[in-house]
$ cat coords11.txt   # compact mmCIF, C-alpha atoms
# COMPACT_ATOMS: atom_id res chain seq x y z
CA MET J 13 13.87 29.36 17.82
CA LYS J 14 12.12 26.03 18.21
CA LYS J 15 12.55 24.17 21.45
CA LEU J 16 13.29 20.56 22.26
CA LYS J 17 12.05 19.00 25.50
CA LEU J 18 13.97 16.14 27.07
CA ASP J 19 12.47 14.17 29.96
CA PHE J 20 14.76 11.96 32.00
CA VAL J 21 12.61 9.36 33.68
CA SER J 22 13.66 6.98 36.42
CA SER J 23 12.84 3.34 35.76
CA THR J 24 11.42 3.26 39.31
CA VAL J 25 8.56 5.51 38.17
CA LEU J 26 7.78 3.18 35.27
CA SER J 27 8.25 -0.03 37.25
CA GLU J 28 5.42 1.09 39.56
CA LYS J 29 3.02 1.10 36.61
CA ASP J 30 1.49 -1.99 35.06
CA PRO J 31 2.68 -2.68 31.48
CA ASP J 32 -0.29 -1.02 29.72
CA LYS J 33 -0.06 2.14 31.80
CA ARG J 34 3.70 2.19 31.24
CA ILE J 35 3.26 2.17 27.45
CA ASN J 36 0.52 4.77 27.72
CA PHE J 37 2.76 7.00 29.87
CA ILE J 38 5.61 6.80 27.35
CA LEU J 39 3.47 7.41 24.28
CA SER J 40 1.50 10.27 25.81
CA LYS J 41 4.75 12.10 26.56
CA VAL J 42 6.28 11.38 23.13
CA LYS J 43 3.10 12.33 21.27
CA ASP J 44 3.19 15.64 23.12
CA GLY J 45 6.65 16.21 21.63
CA SER J 46 8.90 15.13 24.51
CA ILE J 47 12.00 13.02 24.12
CA LEU J 48 12.28 10.42 26.86
CA VAL J 49 15.46 8.99 28.31
CA ILE J 50 14.84 6.13 30.73
CA ASP J 51 17.42 4.35 32.88
CA GLY J 52 15.93 0.96 32.06
CA VAL J 53 14.86 -1.22 29.16
CA LEU J 54 11.44 -2.63 28.35
CA LYS J 55 11.03 -6.36 27.95
CA PRO J 56 10.85 -7.58 24.32
CA GLU J 57 7.08 -8.19 24.61
CA GLU J 58 6.62 -4.65 25.92
CA GLU J 59 8.78 -3.23 23.13
CA MET J 60 6.49 -4.99 20.64
CA ASN J 61 3.44 -3.63 22.47
CA LEU J 62 5.00 -0.18 22.25
CA ILE J 63 5.30 -0.54 18.47
CA ARG J 64 1.71 -1.84 18.20
CA GLU J 65 0.30 0.96 20.36
CA THR J 66 2.34 3.53 18.41
CA MET J 67 0.74 2.29 15.18
CA ARG J 68 -2.71 2.74 16.72
CA ARG J 69 -1.88 6.37 17.52
CA VAL J 70 -0.28 7.36 14.21
CA ASP J 71 -2.01 10.31 12.57
CA ASP J 72 -1.08 13.19 10.23
CA GLY J 73 0.76 15.07 12.98
CA PHE J 74 2.29 12.05 14.67
CA PRO J 75 4.01 9.66 12.24
CA GLY J 76 5.39 7.48 15.02
CA ILE J 77 8.47 7.12 17.16
CA GLU J 78 12.17 6.49 16.98
CA VAL J 79 13.40 4.25 19.74
CA CYS J 80 16.70 2.78 20.78
CA SER J 81 17.61 0.74 23.82
CA LEU J 82 20.89 -0.55 25.17
CA LYS J 83 20.71 -3.48 27.52
CA LYS J 84 23.37 -4.04 30.11
CA THR J 85 25.30 -7.04 28.85
CA GLY J 86 24.61 -9.26 31.80
CA LYS J 87 26.97 -11.54 33.60
CA PHE J 88 25.71 -14.92 34.67
CA LEU J 89 24.55 -13.64 38.06
CA ASP J 90 22.62 -10.72 36.50
CA LYS J 91 20.86 -13.09 34.11
CA PHE J 92 20.08 -15.45 36.98
CA ILE J 93 18.51 -12.62 39.02
CA GLU J 94 16.52 -11.41 35.97
CA GLY J 95 15.28 -14.98 35.52
CA ILE J 96 14.10 -15.18 39.14
CA LYS J 97 12.32 -11.81 38.81
CA ASP J 98 10.61 -13.04 35.62
CA GLN J 99 9.46 -16.25 37.30
CA THR J 100 8.14 -14.29 40.30
CA GLU J 101 6.18 -12.02 37.96
CA ASN J 102 4.78 -15.05 36.10
CA ILE J 103 3.55 -16.49 39.39
CA GLN J 104 2.06 -13.10 40.39
CA ARG J 105 0.34 -12.93 37.00
CA MET J 106 -1.09 -16.44 37.40
CA LEU J 107 -2.34 -15.63 40.89
CA GLY J 108 -3.70 -12.33 39.58
CA THR J 109 -5.66 -14.18 36.89
CA LEU J 110 -7.12 -16.51 39.53
CA THR J 111 -8.01 -13.71 41.94
CA GLY J 112 -9.15 -11.26 39.28
CA ASN J 113 -6.35 -8.79 40.06
CA GLN J 114 -4.92 -7.82 36.67
CA SER J 115 -2.81 -4.85 37.80
CA ILE J 116 0.55 -6.60 38.09
CA THR J 117 3.66 -4.46 37.91
CA THR J 118 6.76 -5.76 36.14
CA HIS J 119 10.36 -4.69 36.58
CA MET J 120 12.38 -3.10 33.80
CA ARG J 121 15.64 -4.54 32.54
CA THR J 122 18.90 -2.78 33.36
CA GLY J 123 20.04 -0.45 30.60
CA ILE J 124 19.04 2.77 28.87
CA THR J 125 16.18 3.61 26.51
CA PHE J 126 15.76 6.60 24.26
CA ILE J 127 12.34 7.32 22.72
CA GLY J 128 11.38 10.37 20.69
CA PRO J 129 8.86 11.51 18.11
CA ALA J 130 9.85 10.45 14.56
CA LYS J 131 8.99 13.97 13.39
CA VAL J 132 11.99 15.29 15.36
CA ILE J 133 14.39 12.33 15.58
CA LYS J 134 15.78 11.86 12.11
CA LYS J 135 18.31 9.11 12.68
CA ILE J 136 19.63 6.83 15.39
CA LYS J 137 22.96 5.17 14.77
CA LYS J 138 23.39 2.24 17.08
CA ASN J 139 26.56 0.38 17.98
CA PRO J 140 26.70 -2.62 20.29
CA ASP J 141 27.68 -0.42 23.29
CA SER J 142 26.53 3.07 22.34
CA PHE J 143 24.22 5.06 20.08
CA SER J 144 24.07 8.54 18.64
CA VAL J 145 20.96 10.52 17.76
CA LEU J 146 20.38 13.06 15.03
CA ALA J 147 17.47 15.41 15.73
CA GLU J 148 15.97 18.21 13.65
CA VAL J 149 13.93 20.91 15.32
CA MET O 2 17.00 -31.13 14.45
CA LYS O 3 16.80 -34.90 14.68
CA LEU O 4 13.72 -36.44 13.14
CA GLY O 5 11.92 -39.08 15.19
CA PHE O 6 10.47 -42.21 13.54
CA LEU O 7 6.90 -41.01 14.05
CA ASP O 8 7.77 -37.60 12.54
CA TRP O 9 9.38 -39.38 9.57
CA VAL O 10 6.28 -41.54 9.00
CA LEU O 11 3.92 -38.56 9.29
CA GLU O 12 6.07 -36.42 6.97
CA THR O 13 6.55 -39.18 4.39
CA PHE O 14 2.83 -39.87 4.16
CA GLY O 15 1.90 -36.18 4.29
CA LEU O 16 0.02 -36.55 7.59
CA LYS O 17 1.92 -33.94 9.54
CA LYS O 18 0.30 -30.55 10.07
CA PRO O 19 1.92 -27.80 7.96
CA ILE O 20 4.59 -25.65 9.59
CA ARG O 21 3.43 -22.03 9.71
CA LEU O 22 6.48 -20.24 8.34
CA GLY O 23 6.33 -16.47 8.88
CA ILE O 24 8.46 -14.06 6.87
CA TYR O 25 9.22 -11.07 9.06
CA GLY O 26 11.48 -8.03 8.86
CA SER O 27 11.64 -4.28 8.39
CA VAL O 28 10.08 -2.50 5.43
CA ASN O 29 11.66 -3.00 1.96
CA VAL O 30 14.06 -5.79 2.89
CA GLY O 31 12.62 -8.09 0.21
CA LYS O 32 10.12 -10.19 2.16
CA THR O 33 7.58 -10.48 -0.65
CA THR O 34 10.32 -11.11 -3.24
CA LEU O 35 11.44 -14.01 -1.04
CA ALA O 36 7.88 -15.28 -0.50
CA ASN O 37 7.34 -15.14 -4.26
CA LYS O 38 10.56 -17.03 -4.92
CA ILE O 39 9.70 -19.81 -2.44
CA ALA O 40 6.13 -20.09 -3.74
CA LEU O 41 7.30 -20.02 -7.36
CA ASP O 42 9.97 -22.69 -6.78
CA TRP O 43 7.54 -25.17 -5.21
CA THR O 44 4.09 -24.32 -6.60
CA GLY O 45 4.76 -22.38 -9.79
CA GLU O 46 2.71 -19.43 -8.53
CA GLU O 47 3.69 -16.16 -6.88
CA ILE O 48 2.16 -14.86 -3.67
CA GLY O 49 2.08 -11.04 -3.90
CA LYS O 50 3.03 -7.81 -5.61
CA VAL O 51 6.53 -6.36 -5.21
CA SER O 52 7.23 -2.61 -5.28
CA SER O 53 9.97 -0.13 -4.35
CA VAL O 54 7.34 1.97 -2.57
CA PRO O 55 7.51 1.20 1.18
CA HIS O 56 4.64 -0.75 2.76
CA GLU O 57 3.52 -2.38 -0.49
CA THR O 58 2.46 -5.42 1.58
CA ARG O 59 -0.15 -4.14 4.02
CA TYR O 60 -2.00 -7.40 4.65
CA VAL O 61 -0.71 -10.86 5.58
CA GLN O 62 -0.37 -12.86 2.36
CA LYS O 63 -0.66 -16.62 2.57
CA LYS O 64 0.18 -19.60 0.45
CA GLU O 65 -0.90 -22.84 2.05
CA LYS O 66 0.43 -26.38 1.86
CA ILE O 67 3.68 -25.75 0.03
CA LYS O 68 5.66 -28.99 -0.08
CA ILE O 69 9.40 -28.53 0.21
CA LYS O 70 11.65 -31.50 -0.44
CA HIS O 71 15.25 -31.44 0.65
CA LYS O 72 17.62 -34.39 1.02
CA GLY O 73 14.86 -36.91 1.63
CA ARG O 74 12.92 -34.72 4.03
CA ASN O 75 9.43 -33.61 3.00
CA ILE O 76 8.12 -30.55 4.78
CA THR O 77 4.75 -28.97 4.25
CA ILE O 78 4.58 -25.27 5.07
CA ASN O 79 1.95 -22.57 5.17
CA LEU O 80 3.91 -19.55 3.97
CA LEU O 81 2.96 -16.26 5.61
CA ASP O 82 4.33 -13.07 4.09
CA MET O 83 4.02 -10.34 6.71
CA PRO O 84 3.73 -6.58 6.29
CA GLY O 85 7.01 -4.88 7.20
CA LEU O 86 7.51 -3.93 10.84
CA ALA O 87 8.12 -0.26 11.56
CA THR O 88 8.01 2.24 14.41
CA LYS O 89 6.81 5.04 12.13
CA VAL O 90 4.57 5.44 9.09
CA ASP O 91 4.49 8.88 7.53
CA TYR O 92 2.11 9.44 4.62
CA ARG O 93 4.45 12.18 3.34
CA ASP O 94 7.03 9.50 2.51
CA PHE O 95 4.65 8.09 -0.12
CA LEU O 96 4.25 11.47 -1.85
CA LYS O 97 7.87 11.16 -3.06
CA TYR O 98 6.78 8.22 -5.20
CA GLY O 99 4.13 10.29 -7.00
CA ILE O 100 1.23 8.98 -4.92
CA LYS O 101 -1.52 11.57 -4.38
CA ARG O 102 -2.09 12.93 -0.86
CA LYS O 103 -5.46 11.24 -0.29
CA GLU O 104 -4.18 7.88 -1.48
CA ALA O 105 -0.97 8.31 0.54
CA LYS O 106 -2.97 8.90 3.71
CA GLU O 107 -5.07 5.81 3.03
CA ARG O 108 -1.92 3.78 2.35
CA ALA O 109 -0.38 4.99 5.63
CA LYS O 110 -3.52 3.99 7.53
CA GLU O 111 -3.45 0.53 5.97
CA ALA O 112 0.29 0.25 6.68
CA THR O 113 -0.24 0.89 10.41
CA GLN O 114 -2.96 -1.78 10.45
CA GLY O 115 -0.54 -4.09 8.63
CA VAL O 116 2.12 -3.66 11.33
CA ILE O 117 -0.48 -4.42 14.02
CA GLU O 118 -1.61 -7.52 12.10
CA ALA O 119 1.98 -8.76 11.69
CA ILE O 120 2.55 -8.38 15.45
CA LYS O 121 -0.67 -10.30 16.21
CA TRP O 122 0.50 -13.13 13.97
CA LEU O 123 3.59 -13.65 16.12
CA ASN O 124 1.35 -15.81 18.31
CA ASN O 125 0.42 -17.97 15.33
CA VAL O 126 3.68 -18.81 13.59
CA ASP O 127 5.84 -21.87 14.21
CA THR O 128 9.11 -20.76 12.62
CA VAL O 129 10.29 -17.39 11.36
CA LEU O 130 12.50 -16.25 8.53
CA ALA O 131 13.84 -12.89 9.78
CA VAL O 132 14.81 -11.08 6.58
CA MET O 133 17.51 -8.41 6.65
CA ASP O 134 18.94 -6.25 3.89
CA ALA O 135 22.64 -7.07 3.38
CA THR O 136 23.33 -3.45 2.38
CA LYS O 137 21.79 -1.89 5.50
CA ASP O 138 22.79 -1.52 9.14
CA PRO O 139 21.27 -4.49 11.01
CA LEU O 140 21.43 -2.83 14.43
CA THR O 141 17.90 -1.47 14.36
CA GLN O 142 15.30 -1.49 17.08
CA VAL O 143 12.88 -3.40 14.84
CA ASN O 144 15.39 -6.26 14.40
CA ALA O 145 16.26 -6.28 18.12
CA THR O 146 12.59 -6.27 19.16
CA LEU O 147 11.64 -8.97 16.66
CA LEU O 148 14.46 -11.32 17.67
CA GLY O 149 13.88 -10.63 21.38
CA ASN O 150 10.22 -11.59 21.03
CA LEU O 151 10.99 -14.75 19.06
CA GLU O 152 13.49 -15.77 21.70
CA ALA O 153 10.99 -15.11 24.50
CA LYS O 154 8.35 -17.16 22.67
CA LYS O 155 10.91 -19.87 21.84
CA ILE O 156 10.10 -19.66 18.13
CA PRO O 157 12.90 -20.99 15.89
CA VAL O 158 14.35 -18.32 13.63
CA ILE O 159 16.58 -18.29 10.58
CA ILE O 160 18.16 -14.96 9.66
CA VAL O 161 17.92 -14.50 5.91
CA ILE O 162 20.51 -12.02 4.63
CA ASN O 163 18.89 -10.82 1.42
CA LYS O 164 20.00 -8.65 -1.52
CA MET O 165 23.35 -10.40 -1.91
CA ASP O 166 23.25 -9.50 -5.61
CA LEU O 167 23.99 -5.86 -4.74
CA LYS O 168 27.60 -4.69 -4.89
CA ASN O 169 27.56 -3.01 -1.48
CA ALA O 170 26.24 -6.11 0.34
CA LYS O 171 28.03 -6.66 3.64
CA PRO O 172 26.70 -9.91 5.14
CA GLU O 173 29.55 -10.03 7.66
CA ASN O 174 27.96 -7.11 9.58
CA ILE O 175 24.77 -9.09 10.17
CA LYS O 176 26.62 -12.34 10.93
CA GLU O 177 28.76 -10.59 13.51
CA VAL O 178 25.87 -8.90 15.29
CA PHE O 179 23.58 -11.94 15.28
CA SER O 180 26.19 -14.68 15.56
CA GLN O 181 23.97 -16.81 17.83
CA TYR O 182 21.40 -17.42 15.05
CA PRO O 183 21.57 -19.59 11.92
CA THR O 184 22.07 -17.30 8.93
CA VAL O 185 21.77 -17.80 5.18
CA GLU O 186 22.99 -15.34 2.55
CA ILE O 187 20.67 -15.18 -0.45
CA SER O 188 19.34 -13.10 -3.26
CA ALA O 189 15.61 -13.71 -3.55
CA LEU O 190 15.71 -11.70 -6.76
CA THR O 191 18.29 -13.84 -8.61
CA GLY O 192 17.73 -17.08 -6.70
CA TYR O 193 21.30 -17.13 -5.36
CA ASN O 194 21.74 -19.67 -2.54
CA MET O 195 18.05 -20.61 -2.36
CA ASP O 196 19.10 -24.28 -2.02
CA LYS O 197 21.00 -23.27 1.15
CA LEU O 198 17.86 -21.62 2.48
CA TYR O 199 15.78 -24.75 1.82
CA GLU O 200 18.45 -26.75 3.59
CA ALA O 201 18.20 -24.43 6.62
CA ILE O 202 14.39 -24.58 6.57
CA SER O 203 14.44 -28.39 6.50
CA LYS O 204 16.94 -28.36 9.37
CA TYR O 205 15.45 -25.78 11.71
CA ALA O 206 11.73 -25.38 10.88
CA ARG O 207 9.39 -27.10 13.28
CA ARG O 208 5.85 -26.84 14.61
$ encode --input "coords11.txt" --output "structure tokens"
Amino acid sequence: MKKLKLDFVSSTVLSEKDPDKRINFILSKVKDGSILVIDGVLKPEEEMNLIRETMRRVDDGFPGIEVCSLKKTGKFLDKFIEGIKDQTENIQRMLGTLTGNQSITTHMRTGITFIGPAKVIKKIKKNPDSFSVLAEV
Amino acid sequence: MKLGFLDWVLETFGLKKPIRLGIYGSVNVGKTTLANKIALDWTGEEIGKVSSVPHETRYVQKKEKIKIKHKGRNITINLLDMPGLATKVDYRDFLKYGIKRKEAKERAKEATQGVIEAIKWLNNVDTVLAVMDATKDPLTQVNATLLGNLEAKKIPVIIVINKMDLKNAKPENIKEVFSQYPTVEISALTGYNMDKLYEAISKYARR
């Protein structure tokens, strides 16, 4: 019987890493065959970086990933707080550029992310508030 | 978008820099068919090859200085037909189309490079036509990621609901999910509603 490995990762673990290391952490796990469930959502730019980095790692045994994220539909206050966090990170990044410190950590959005190897995850059916996954081992 | 006097003068006398109009979307949604239709309508020449095999477009295809005229507005665009965005590229998928293994592997390699190139170009487009297949589920991660990035970069986007000539087209699904964006229902293949698309381009496209 073939086995399926699911890793549930806290967004705190990922938030401590800078964006490049975060993507590397995710893809290393998925390329090794793990399915990741994270209690947070990457920013759109990071999601695009995840796709780009996945493409760089595609080979005969690793055709890519299947990914699905559900963001918490924010109320005004949530969006306001996210905005402040973003601005703080932008300032940190600017200061980091000036001081030569490039290792800036960024927070993850509230929500849930599912990422698995495309070899195993055959289909993800997404609805606005939920998603279901079809896997084949 | 309201046109200022200076913009009007520059447009009328062809002095304004072309708008870099990127055509983005998932694989096989009809991006190149649309690029061909736009290029054919305004220049008489097509831009690229269309195929049912996924990832036919693996390089960015360009057609520069296309002049679009709509209701007195003259817009000059550089049309950029992007390779389809995807989170996976499996060479085995190409074997189903009768492509030999060696060629399929080469095609897959080029397809991954194409996705990377399309992502890079997001920093060099002014306005985007996000093409979606009217017969398919629009709630995909590729669509969400693309639109999220365009929003973050403040790049104007028009959602183009393509393949309206097919019987099972359900544009209402896309309109409901992406109600905050301007949408146009077209068939790039038959030319259905292309005038509406040009109207939307002249209204929303900007540098």
$ residues_around --input "coords11.txt" --residues "Asn125 in chain O" --least-positions-apart "6" --cutoff "10 Å" --atoms "all atoms listed in the file" --output "PDB file with C-alpha atoms, in the frame of the given file"
ATOM      1  CA  ARG O  21       3.430 -22.030   9.710  1.00  0.00           C
ATOM      2  CA  LEU O  22       6.480 -20.240   8.340  1.00  0.00           C
ATOM      3  CA  GLY O  23       6.330 -16.470   8.880  1.00  0.00           C
TER       4      GLY O  23
END
$ atom_distance --input "coords11.txt" --atom1 "CA of Arg69 in chain J" --atom2 "CA of Leu130 in chain O"
28.3 Å
$ closest_atom_pairs --input "coords11.txt" --of "chain J" --to "chain O" --cutoff "12 Å" --atoms "all atoms listed in the file" --output "Markdown table"
| residue | atom | partner | partner_atom | distance |
| --- | --- | --- | --- | --- |
| J:Val53 | CA | O:Thr146 | CA | 11.4 |
| J:Leu54 | CA | O:Thr146 | CA | 10.0 |
| J:Lys55 | CA | O:Gly149 | CA | 8.3 |
| J:Pro56 | CA | O:Gly149 | CA | 5.2 |
| J:Glu57 | CA | O:Asn150 | CA | 5.9 |
| J:Glu58 | CA | O:Thr146 | CA | 9.2 |
| J:Glu59 | CA | O:Thr146 | CA | 6.3 |
| J:Met60 | CA | O:Thr146 | CA | 6.4 |
| J:Asn61 | CA | O:Ile120 | CA | 8.5 |
| J:Leu62 | CA | O:Thr88 | CA | 8.7 |
| J:Ile63 | CA | O:Thr88 | CA | 5.6 |
| J:Arg64 | CA | O:Ile117 | CA | 5.4 |
| J:Glu65 | CA | O:Ile117 | CA | 8.4 |
| J:Thr66 | CA | O:Thr88 | CA | 7.1 |
| J:Met67 | CA | O:Thr113 | CA | 5.1 |
| J:Arg68 | CA | O:Thr113 | CA | 7.0 |
| J:Arg69 | CA | O:Thr113 | CA | 9.1 |
| J:Val70 | CA | O:Val90 | CA | 7.3 |
| J:Asp71 | CA | O:Lys110 | CA | 8.2 |
| J:Asp72 | CA | O:Tyr92 | CA | 7.5 |
| J:Gly73 | CA | O:Asp91 | CA | 9.1 |
| J:Phe74 | CA | O:Asp91 | CA | 8.1 |
| J:Pro75 | CA | O:Asp91 | CA | 4.8 |
| J:Gly76 | CA | O:Lys89 | CA | 4.0 |
| J:Ile77 | CA | O:Thr88 | CA | 5.6 |
| J:Glu78 | CA | O:Thr88 | CA | 6.5 |
| J:Val79 | CA | O:Gln142 | CA | 6.6 |
| J:Cys80 | CA | O:Gln142 | CA | 5.8 |
| J:Ser81 | CA | O:Gln142 | CA | 7.5 |
| J:Leu82 | CA | O:Gln142 | CA | 9.9 |
| J:Lys83 | CA | O:Ala145 | CA | 10.8 |
| J:Gly95 | CA | O:Ala153 | CA | 11.8 |
| J:Asp98 | CA | O:Ala153 | CA | 11.3 |
| J:Thr125 | CA | O:Gln142 | CA | 10.8 |
| J:Phe126 | CA | O:Gln142 | CA | 10.8 |
| J:Ile127 | CA | O:Thr88 | CA | 10.7 |
| J:Gly128 | CA | O:Thr88 | CA | 10.8 |
| J:Pro129 | CA | O:Lys89 | CA | 9.0 |
| J:Ala130 | CA | O:Lys89 | CA | 6.7 |
| J:Lys131 | CA | O:Asp91 | CA | 9.0 |
| J:Val132 | CA | O:Lys89 | CA | 11.9 |
| J:Ile133 | CA | O:Lys89 | CA | 11.1 |
| J:Lys134 | CA | O:Lys89 | CA | 11.3 |
| J:Lys135 | CA | O:Thr141 | CA | 10.7 |
| J:Ile136 | CA | O:Thr141 | CA | 8.5 |
| J:Lys137 | CA | O:Leu140 | CA | 8.2 |
| J:Lys138 | CA | O:Leu140 | CA | 6.0 |
| J:Asn139 | CA | O:Leu140 | CA | 7.0 |
| J:Pro140 | CA | O:Leu140 | CA | 7.9 |
| J:Asp141 | CA | O:Leu140 | CA | 11.1 |
| J:Ser142 | CA | O:Leu140 | CA | 11.1 |
| J:Phe143 | CA | O:Leu140 | CA | 10.1 |
$ write_last_selection --input "coords11.txt" --atoms "C-alpha atoms" --output "compact mmCIF listing (two decimals), in the frame of the given file"
# COMPACT_ATOMS: atom_id res chain seq x y z
CA VAL J 53 14.86 -1.22 29.16
CA LEU J 54 11.44 -2.63 28.35
CA LYS J 55 11.03 -6.36 27.95
CA PRO J 56 10.85 -7.58 24.32
CA GLU J 57 7.08 -8.19 24.61
CA GLU J 58 6.62 -4.65 25.92
CA GLU J 59 8.78 -3.23 23.13
CA MET J 60 6.49 -4.99 20.64
CA ASN J 61 3.44 -3.63 22.47
CA LEU J 62 5.00 -0.18 22.25
CA ILE J 63 5.30 -0.54 18.47
CA ARG J 64 1.71 -1.84 18.20
CA GLU J 65 0.30 0.96 20.36
CA THR J 66 2.34 3.53 18.41
CA MET J 67 0.74 2.29 15.18
CA ARG J 68 -2.71 2.74 16.72
CA ARG J 69 -1.88 6.37 17.52
CA VAL J 70 -0.28 7.36 14.21
CA ASP J 71 -2.01 10.31 12.57
CA ASP J 72 -1.08 13.19 10.23
CA GLY J 73 0.76 15.07 12.98
CA PHE J 74 2.29 12.05 14.67
CA PRO J 75 4.01 9.66 12.24
CA GLY J 76 5.39 7.48 15.02
CA ILE J 77 8.47 7.12 17.16
CA GLU J 78 12.17 6.49 16.98
CA VAL J 79 13.40 4.25 19.74
CA CYS J 80 16.70 2.78 20.78
CA SER J 81 17.61 0.74 23.82
CA LEU J 82 20.89 -0.55 25.17
CA LYS J 83 20.71 -3.48 27.52
CA GLY J 95 15.28 -14.98 35.52
CA ASP J 98 10.61 -13.04 35.62
CA THR J 125 16.18 3.61 26.51
CA PHE J 126 15.76 6.60 24.26
CA ILE J 127 12.34 7.32 22.72
CA GLY J 128 11.38 10.37 20.69
CA PRO J 129 8.86 11.51 18.11
CA ALA J 130 9.85 10.45 14.56
CA LYS J 131 8.99 13.97 13.39
CA VAL J 132 11.99 15.29 15.36
CA ILE J 133 14.39 12.33 15.58
CA LYS J 134 15.78 11.86 12.11
CA LYS J 135 18.31 9.11 12.68
CA ILE J 136 19.63 6.83 15.39
CA LYS J 137 22.96 5.17 14.77
CA LYS J 138 23.39 2.24 17.08
CA ASN J 139 26.56 0.38 17.98
CA PRO J 140 26.70 -2.62 20.29
CA ASP J 141 27.68 -0.42 23.29
CA SER J 142 26.53 3.07 22.34
CA PHE J 143 24.22 5.06 20.08
$ atom_distance --input "coords11.txt" --atom1 "CA of Lys18 in chain O" --atom2 "CA of Asn163 in chain O"
28.5 Å
$ atom_distance --input "coords11.txt" --atom1 "CA of Lys97 in chain O" --atom2 "CA of Pro55 in chain O"
10.8 Å
$ closest_residue --input "coords11.txt" --among "J:Pro31, J:Gly108, J:Gly45, J:Gly52" --to "Thr122 in chain J" --atoms "all atoms listed in the file"
J:Gly52
$ closest_residue --input "coords11.txt" --among "O:Thr191, O:Thr184, O:Thr77, O:Thr128" --to "Val158 in chain O" --atoms "all atoms listed in the file"
O:Thr128
$ residues_around --input "coords11.txt" --residues "Gln62 in chain O" --least-positions-apart "4" --cutoff "9 Å" --atoms "all atoms listed in the file" --output "PyMOL selection string"
chain O and resi 33+48-49+58+80-84
$ residues_around --input "coords11.txt" --residues "range 36-42 of chain O" --least-positions-apart "4" --cutoff "9 Å" --atoms "all atoms listed in the file" --output "list in words"
Ile24, Gly31, Lys32, Glu46, Glu47, Ile48, Gly49, Lys50, Val51, Lys64, Ile67, Leu80, Leu81, Asp82, Ala189, Leu190, Gly192, Met195 and Tyr199 of chain O
$ write_last_selection --input "coords11.txt" --atoms "C-alpha atoms" --output "PDB file, in the coordinates of the input"
ATOM      1  CA  ILE O  24       8.460 -14.060   6.870  1.00  0.00           C
ATOM      2  CA  GLY O  31      12.620  -8.090   0.210  1.00  0.00           C
ATOM      3  CA  LYS O  32      10.120 -10.190   2.160  1.00  0.00           C
ATOM      4  CA  GLU O  46       2.710 -19.430  -8.530  1.00  0.00           C
ATOM      5  CA  GLU O  47       3.690 -16.160  -6.880  1.00  0.00           C
ATOM      6  CA  ILE O  48       2.160 -14.860  -3.670  1.00  0.00           C
ATOM      7  CA  GLY O  49       2.080 -11.040  -3.900  1.00  0.00           C
ATOM      8  CA  LYS O  50       3.030  -7.810  -5.610  1.00  0.00           C
ATOM      9  CA  VAL O  51       6.530  -6.360  -5.210  1.00  0.00           C
ATOM     10  CA  LYS O  64       0.180 -19.600   0.450  1.00  0.00           C
ATOM     11  CA  ILE O  67       3.680 -25.750   0.030  1.00  0.00           C
ATOM     12  CA  LEU O  80       3.910 -19.550   3.970  1.00  0.00           C
ATOM     13  CA  LEU O  81       2.960 -16.260   5.610  1.00  0.00           C
ATOM     14  CA  ASP O  82       4.330 -13.070   4.090  1.00  0.00           C
ATOM     15  CA  ALA O 189      15.610 -13.710  -3.550  1.00  0.00           C
ATOM     16  CA  LEU O 190      15.710 -11.700  -6.760  1.00  0.00           C
ATOM     17  CA  GLY O 192      17.730 -17.080  -6.700  1.00  0.00           C
ATOM     18  CA  MET O 195      18.050 -20.610  -2.360  1.00  0.00           C
ATOM     19  CA  TYR O 199      15.780 -24.750   1.820  1.00  0.00           C
TER      20      TYR O 199
END
